[in-house]
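S.K.: Please find target-v1.tsv (TSV, C-alpha atoms) on the next line:
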chain	number	residue	atom	x	y	z
F	1429	MET	CA	30.14	-22.34	56.25
F	1430	GLU	CA	27.24	-22.12	58.60
F	1431	ASN	CA	25.09	-20.54	55.89
F	1432	CYS	CA	25.56	-23.55	53.62
F	1433	THR	CA	23.49	-25.62	56.00
F	1434	ILE	CA	20.53	-23.26	55.89
F	1435	PRO	CA	18.08	-24.53	53.26
F	1436	ASP	CA	16.95	-22.18	50.50
F	1437	GLY	CA	13.37	-22.30	51.76
F	1438	LEU	CA	14.40	-20.96	55.16
F	1439	LEU	CA	16.48	-18.18	53.60
F	1440	VAL	CA	13.48	-17.23	51.47
F	1441	THR	CA	11.28	-17.07	54.57
F	1442	GLN	CA	13.87	-14.98	56.41
F	1443	TYR	CA	14.12	-12.62	53.44
F	1444	MET	CA	10.36	-12.25	53.24
F	1445	LYS	CA	10.43	-11.30	56.91
F	1446	GLY	CA	12.89	-8.53	56.15
F	1447	ASN	CA	16.29	-10.15	56.51
F	1448	GLU	CA	18.18	-8.63	53.56
F	1449	SER	CA	21.31	-10.69	54.14
F	1450	ALA	CA	19.28	-13.82	53.32
F	1451	LEU	CA	18.91	-12.53	49.75
F	1452	CYS	CA	22.64	-11.94	49.56
F	1453	GLU	CA	23.21	-15.54	50.57
F	1454	LEU	CA	20.67	-16.84	48.04
F	1455	ILE	CA	22.26	-14.85	45.21
F	1456	THR	CA	25.78	-15.87	46.19
F	1457	ARG	CA	24.73	-19.48	46.42
F	1458	HIS	CA	23.07	-19.67	43.01
F	1459	LYS	CA	24.52	-16.86	40.90
F	1460	GLN	CA	27.00	-19.00	39.00
F	1461	ARG	CA	24.48	-21.65	38.08
F	1462	ILE	CA	21.81	-19.17	36.99
F	1463	TYR	CA	24.23	-16.95	35.12
F	1464	SER	CA	25.82	-19.91	33.31
F	1465	PHE	CA	22.37	-21.17	32.35
F	1466	ILE	CA	21.47	-17.79	30.86
F	1467	TYR	CA	24.84	-17.44	29.13
F	1468	SER	CA	24.53	-20.93	27.65
F	1469	LYS	CA	21.40	-19.70	25.86
F	1470	VAL	CA	22.34	-16.19	24.77
F	1471	PHE	CA	26.17	-16.37	24.40
F	1472	ASP	CA	26.61	-12.72	25.17
F	1473	ARG	CA	28.04	-11.52	28.47
F	1474	ASP	CA	26.15	-8.22	28.47
F	1475	VAL	CA	22.81	-9.78	27.56
F	1476	ALA	CA	23.34	-12.51	30.14
F	1477	GLU	CA	24.09	-9.84	32.73
F	1478	ASP	CA	20.87	-7.98	31.87
F	1479	ILE	CA	18.73	-11.11	32.00
F	1480	PHE	CA	20.34	-12.17	35.28
F	1481	GLN	CA	19.51	-8.77	36.73
F	1482	ASP	CA	15.92	-8.85	35.44
F	1483	THR	CA	15.48	-12.35	36.81
F	1484	PHE	CA	16.40	-11.29	40.32
F	1485	ILE	CA	14.36	-8.11	40.08
F	1486	LYS	CA	11.36	-10.37	39.46
F	1487	VAL	CA	12.40	-12.63	42.30
F	1488	ILE	CA	12.78	-9.70	44.70
F	1489	ARG	CA	9.44	-8.16	43.72
F	1490	THR	CA	7.60	-11.46	44.03
F	1491	LEU	CA	9.10	-12.22	47.41
F	1492	LYS	CA	8.55	-8.72	48.76
F	1493	ARG	CA	4.93	-8.82	47.68
F	1494	GLY	CA	4.53	-12.12	49.48
F	1495	ALA	CA	3.38	-13.72	46.25
F	1496	TYR	CA	5.84	-16.63	46.45
F	1497	ASN	CA	4.51	-20.01	47.50
F	1498	GLU	CA	6.82	-22.69	48.66
F	1499	GLU	CA	5.31	-25.35	46.48
F	1500	GLY	CA	8.42	-25.86	44.45
F	1501	LYS	CA	12.07	-25.34	45.16
F	1502	PHE	CA	13.66	-21.91	45.02
F	1503	LEU	CA	16.32	-22.63	42.38
F	1504	PRO	CA	14.00	-24.29	39.81
F	1505	TRP	CA	11.60	-21.36	40.27
F	1506	VAL	CA	14.36	-18.82	39.58
F	1507	MET	CA	15.58	-20.91	36.63
F	1508	ARG	CA	12.05	-20.86	35.20
F	1509	ILE	CA	11.95	-17.06	35.47
F	1510	ALA	CA	15.36	-16.84	33.78
F	1511	HIS	CA	14.23	-19.25	31.07
F	1512	ASN	CA	11.11	-17.16	30.37
F	1513	LEU	CA	13.19	-13.99	30.19
F	1514	VAL	CA	15.60	-15.67	27.75
F	1515	ILE	CA	12.60	-16.55	25.55
F	1516	ASP	CA	11.37	-12.94	25.81
F	1517	HIS	CA	14.83	-11.78	24.77
F	1518	PHE	CA	14.84	-13.95	21.65
F	1519	ARG	CA	11.30	-12.90	20.75
F	1520	LYS	CA	12.29	-9.25	21.04
F	1521	ASN	CA	15.48	-9.89	19.10
F	1522	ASN	CA	13.54	-11.55	16.29
F	1523	ARG	CA	11.43	-8.45	15.92
F	1524	MET	CA	14.47	-6.20	16.05
F	1525	PRO	CA	17.57	-8.23	15.16
F	1526	LYS	CA	20.79	-7.00	16.61
F	1527	PHE	CA	23.81	-6.93	14.36
F	1528	GLU	CA	27.11	-7.66	15.97
F	1529	ASN	CA	30.42	-6.70	14.46
F	1530	ASN	CA	33.16	-9.27	14.40
F	1531	ASP	CA	36.78	-9.38	13.25
F	1532	ASP	CA	35.86	-10.34	9.69
F	1533	PHE	CA	33.24	-7.73	9.02
F	1534	ASN	CA	32.39	-4.41	10.51
F	1535	ILE	CA	29.05	-2.94	9.55
F	1536	PHE	CA	30.49	0.57	9.77
F	1537	SER	CA	32.81	-0.20	6.87
F	1538	VAL	CA	29.67	-0.31	4.71
F	1539	LEU	CA	27.48	2.17	6.51
F	1540	SER	CA	28.96	5.59	6.78
F	1541	ASP	CA	27.86	9.04	7.64
F	1542	GLY	CA	27.29	10.70	4.30
F	1543	SER	CA	27.57	14.23	5.58
F	1544	LEU	CA	30.91	15.96	5.27
F	1545	ASN	CA	32.98	16.78	8.27
F	1546	ALA	CA	34.11	20.35	8.92
F	1547	GLU	CA	37.37	19.96	7.02
F	1548	LYS	CA	35.78	18.35	3.98
F	1549	GLN	CA	33.07	20.98	3.96
F	1550	LEU	CA	35.74	23.71	3.86
F	1551	VAL	CA	37.59	21.96	1.04
F	1552	LYS	CA	34.33	21.56	-0.89
F	1553	GLU	CA	33.57	25.27	-0.57
F	1554	GLN	CA	37.12	26.12	-1.67
F	1555	VAL	CA	36.85	23.88	-4.73
F	1556	GLU	CA	33.50	25.38	-5.67
F	1557	ARG	CA	34.92	28.88	-5.32
F	1558	ASP	CA	37.89	27.99	-7.52
F	1559	VAL	CA	35.63	26.50	-10.17
F	1560	ARG	CA	33.45	29.64	-10.21
F	1561	ARG	CA	36.56	31.76	-10.64
F	1562	LEU	CA	37.77	29.57	-13.53
F	1563	ILE	CA	34.38	29.83	-15.21
F	1564	GLN	CA	34.74	33.60	-15.23
F	1565	GLU	CA	37.81	33.16	-17.47
F	1566	LEU	CA	35.81	31.40	-20.20
F	1567	PRO	CA	34.62	33.18	-23.36
F	1568	GLU	CA	31.21	34.80	-22.78
F	1569	ASP	CA	29.15	32.41	-25.00
F	1570	GLN	CA	30.64	29.30	-23.37
F	1571	LYS	CA	30.31	30.73	-19.89
F	1572	GLN	CA	26.66	31.57	-20.52
F	1573	VAL	CA	25.78	28.00	-21.61
F	1574	LEU	CA	27.74	26.40	-18.78
F	1575	VAL	CA	26.13	28.59	-16.12
F	1576	MET	CA	22.64	27.92	-17.49
F	1577	ARG	CA	23.24	24.18	-17.66
F	1578	MET	CA	25.15	23.59	-14.40
F	1579	TYR	CA	23.96	26.30	-12.05
F	1580	LYS	CA	20.46	27.02	-13.33
F	1581	GLU	CA	19.91	23.36	-14.30
F	1582	MET	CA	18.26	24.26	-17.58
F	1583	SER	CA	17.88	21.73	-20.40
F	1584	PHE	CA	19.75	22.32	-23.68
F	1585	LYS	CA	16.38	22.94	-25.31
F	1586	GLU	CA	15.66	25.75	-22.84
F	1587	ILE	CA	19.20	27.13	-23.26
F	1588	SER	CA	18.84	27.16	-27.04
F	1589	GLU	CA	15.51	28.97	-26.74
F	1590	GLN	CA	16.86	31.58	-24.37
F	1591	THR	CA	20.13	32.25	-26.16
F	1592	GLY	CA	18.65	32.05	-29.65
F	1593	VAL	CA	21.06	29.40	-30.91
F	1594	SER	CA	20.40	25.81	-31.99
F	1595	ILE	CA	20.60	22.93	-29.51
F	1596	ASN	CA	23.70	21.64	-31.34
F	1597	THR	CA	25.45	24.99	-30.94
F	1598	ALA	CA	24.57	25.06	-27.24
F	1599	LEU	CA	25.91	21.51	-26.87
F	1600	GLY	CA	29.09	22.50	-28.72
F	1601	ARG	CA	29.62	25.54	-26.48
F	1602	MET	CA	29.16	23.41	-23.42
F	1603	ARG	CA	31.71	20.93	-24.76
F	1604	TYR	CA	34.26	23.65	-25.46
F	1605	ALA	CA	33.60	25.23	-22.08
F	1606	LEU	CA	34.51	21.96	-20.35
F	1607	ILE	CA	37.56	21.41	-22.59
F	1608	ASN	CA	38.80	24.91	-21.86
F	1609	LEU	CA	38.23	24.52	-18.15
F	1610	ARG	CA	40.25	21.28	-18.15
F	1611	LYS	CA	43.01	22.97	-20.11
F	1612	VAL	CA	43.29	25.82	-17.62
F	1613	ILE	CA	43.21	23.40	-14.69
F	1614	ASP	CA	45.99	21.28	-16.24
F	1615	LYS	CA	48.05	24.27	-17.23
F	1616	HIS	CA	48.07	25.76	-13.76
F	1617	ASN	CA	48.17	22.44	-11.92
F	1618	ILE	CA	45.03	23.30	-10.03
F	1619	ILE	CA	43.86	20.51	-7.77
F	1620	LEU	CA	40.11	20.29	-7.55
F	1621	THR	CA	39.43	17.28	-5.41
F	1622	ASN	CA	37.76	16.78	-2.10
B	561	MET	CA	52.38	-27.50	12.66
B	562	ALA	CA	49.06	-26.90	10.98
B	563	LYS	CA	47.12	-23.99	12.32
B	564	LEU	CA	43.77	-24.72	13.87
B	565	TYR	CA	41.03	-22.47	12.69
B	566	SER	CA	38.18	-24.08	14.59
B	567	GLU	CA	36.76	-22.30	17.61
B	568	THR	CA	36.23	-24.00	20.92
B	569	SER	CA	32.80	-25.52	21.10
B	570	ARG	CA	30.03	-23.56	22.75
B	571	ARG	CA	29.75	-26.11	25.52
B	572	GLU	CA	33.42	-25.69	26.39
B	573	ARG	CA	33.03	-21.94	26.50
B	574	VAL	CA	30.07	-22.19	28.86
B	575	ASN	CA	31.93	-24.47	31.22
B	576	LYS	CA	34.22	-21.66	32.23
B	577	ASN	CA	33.47	-20.25	35.65
B	578	LEU	CA	30.87	-17.74	34.70
B	579	ALA	CA	29.42	-15.36	37.20
B	580	PRO	CA	27.68	-12.03	37.02
B	581	LYS	CA	29.59	-8.85	37.74
B	582	GLU	CA	29.94	-7.64	41.29
B	583	GLU	CA	28.13	-4.41	40.44
B	584	THR	CA	25.12	-6.36	39.21
B	585	ILE	CA	24.92	-8.17	42.54
B	586	LYS	CA	25.36	-4.90	44.39
B	587	PHE	CA	22.63	-3.30	42.32
B	588	LEU	CA	20.24	-6.14	43.16
B	589	LEU	CA	20.99	-5.96	46.87
B	590	ASP	CA	20.55	-2.18	46.85
B	591	TYR	CA	17.35	-2.53	44.85
B	592	SER	CA	16.04	-5.02	47.36
B	593	LYS	CA	16.85	-2.69	50.27
B	594	ALA	CA	15.19	0.23	48.52
B	595	LEU	CA	12.04	-1.63	47.47
B	596	SER	CA	9.18	-1.40	49.86
B	597	VAL	CA	5.77	-3.00	49.32
B	598	ILE	CA	2.89	-1.29	51.05
B	599	ASP	CA	-0.34	-3.16	51.72
B	600	TYR	CA	-3.48	-1.09	51.59
B	601	ASN	CA	-7.02	-2.48	51.41
B	602	LYS	CA	-5.88	-5.75	49.83
B	603	MET	CA	-3.86	-3.77	47.31
B	604	LYS	CA	-0.11	-3.77	47.12
B	605	PHE	CA	1.89	-0.68	46.23
B	606	GLU	CA	5.55	-0.76	45.42
B	607	ALA	CA	7.77	2.12	46.43
B	608	LEU	CA	11.45	2.58	45.74
B	609	LEU	CA	12.93	4.50	48.63
B	610	ASN	CA	16.45	5.66	48.18
Using the file provided, produce a representation of the structure as structure tokens.
M.R.:
Amino acid sequence: MENCTIPDGLLVTQYMKGNESALCELITRHKQRIYSFIYSKVFDRDVAEDIFQDTFIKVIRTLKRGAYNEEGKFLPWVMRIAHNLVIDHFRKNNRMPKFENNDDFNIFSVLSDGSLNAEKQLVKEQVERDVRRLIQELPEDQKQVLVMRMYKEMSFKEISEQTGVSINTALGRMRYALINLRKVIDKHNIILTN
Amino acid sequence: MAKLYSETSRRERVNKNLAPKEETIKFLLDYSKALSVIDYNKMKFEALLN
């Protein structure tokens, strides 16, 4: 109770002379008011906490350097520092807006990591192996066109040139290759999904 | 009874007893104890001594 009677100005002087407990008293005395002021502007507990901390770091540094003049009152001075830091926060936030998730919408439901996890990678490799094995079962002419088109990424024009058949024949072989693959997959109930 | 979907106003939310965390206060007091300002030839140097 005794501390309540000590004016802020005197506590500031004591602190500048090295009395650390004076700072403790100043913070305890004004923390709620300053914190509420910051929170009323930013509406985020964590941001308010950061700005409160930065405010007092400035206060401590100014007082320790002896750069504080007792022209004004302590609390309005601290409030001004907090106010400036809140403005800095919004300026910074405008340059780099922060997205906050809420109950209605979570950004991670839209953004996802495109890379496969270990299990999916294994499944993918298995599927690709199965498909390669199935391709081996196709008639030679169909297999040749399918491999050139899908694995060597050649155009049908290039395939027709290399195999010596017309583009239409190459297209037809590709079509039958796919039909036959589907037939085999259906017949043996092979599941090729990731 | 009809369900209310409106949130409490911002002003109401601020009026709650808001205070910084204890660890923030502790950090500031520790920072203050650790900070030392050294005067040298009209220049001031800050040193954090842990």
S.K.: Residues of chain F near chain B: apply a cut-off of 9 Å, count only C-alpha atoms, and supply the list as a list in words.
M.R.: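 Within 9 Å of chain B on chain F, we get Glu1448, Ser1449, Leu1451, Cys1452, Ile1455, Thr1456, Lys1459, Gln1460, Arg1461, Ile1462, Tyr1463, Ser1464, Phe1465, Tyr1467, Ser1468, Phe1471, Arg1473, Ala1476, Glu1477, Asp1478, Phe1480, Gln1481, Phe1484, Ile1485, Ile1488, Arg1489, Lys1492 and Arg1493 of chain F.
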S.K.: To one decimal place, how far is CA of Asn1447 (chain F) from CA of Thr1490 (chain F) in Å?
M.R.: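 Separation of CA of Asn1447 (chain F) and CA of Thr1490 (chain F): 15.3 Å.
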S.K.: Using CA of Glu1547 (chain F) and CA of Arg1560 (chain F) as the two end points, give the distance in Å to one decimal.
M.R.: 20.1 Å
S.K.: Counting all atoms listed in the file, what is within 12 Å of Val1575 (chain F), bar same-chain residues fewer than 6 positions away, as a ChimeraX atom specification?
M.R.: /F:1559-1560,1562-1564,1566,1568-1569,1581-1584,1587,1598,1601-1602,1605-1606
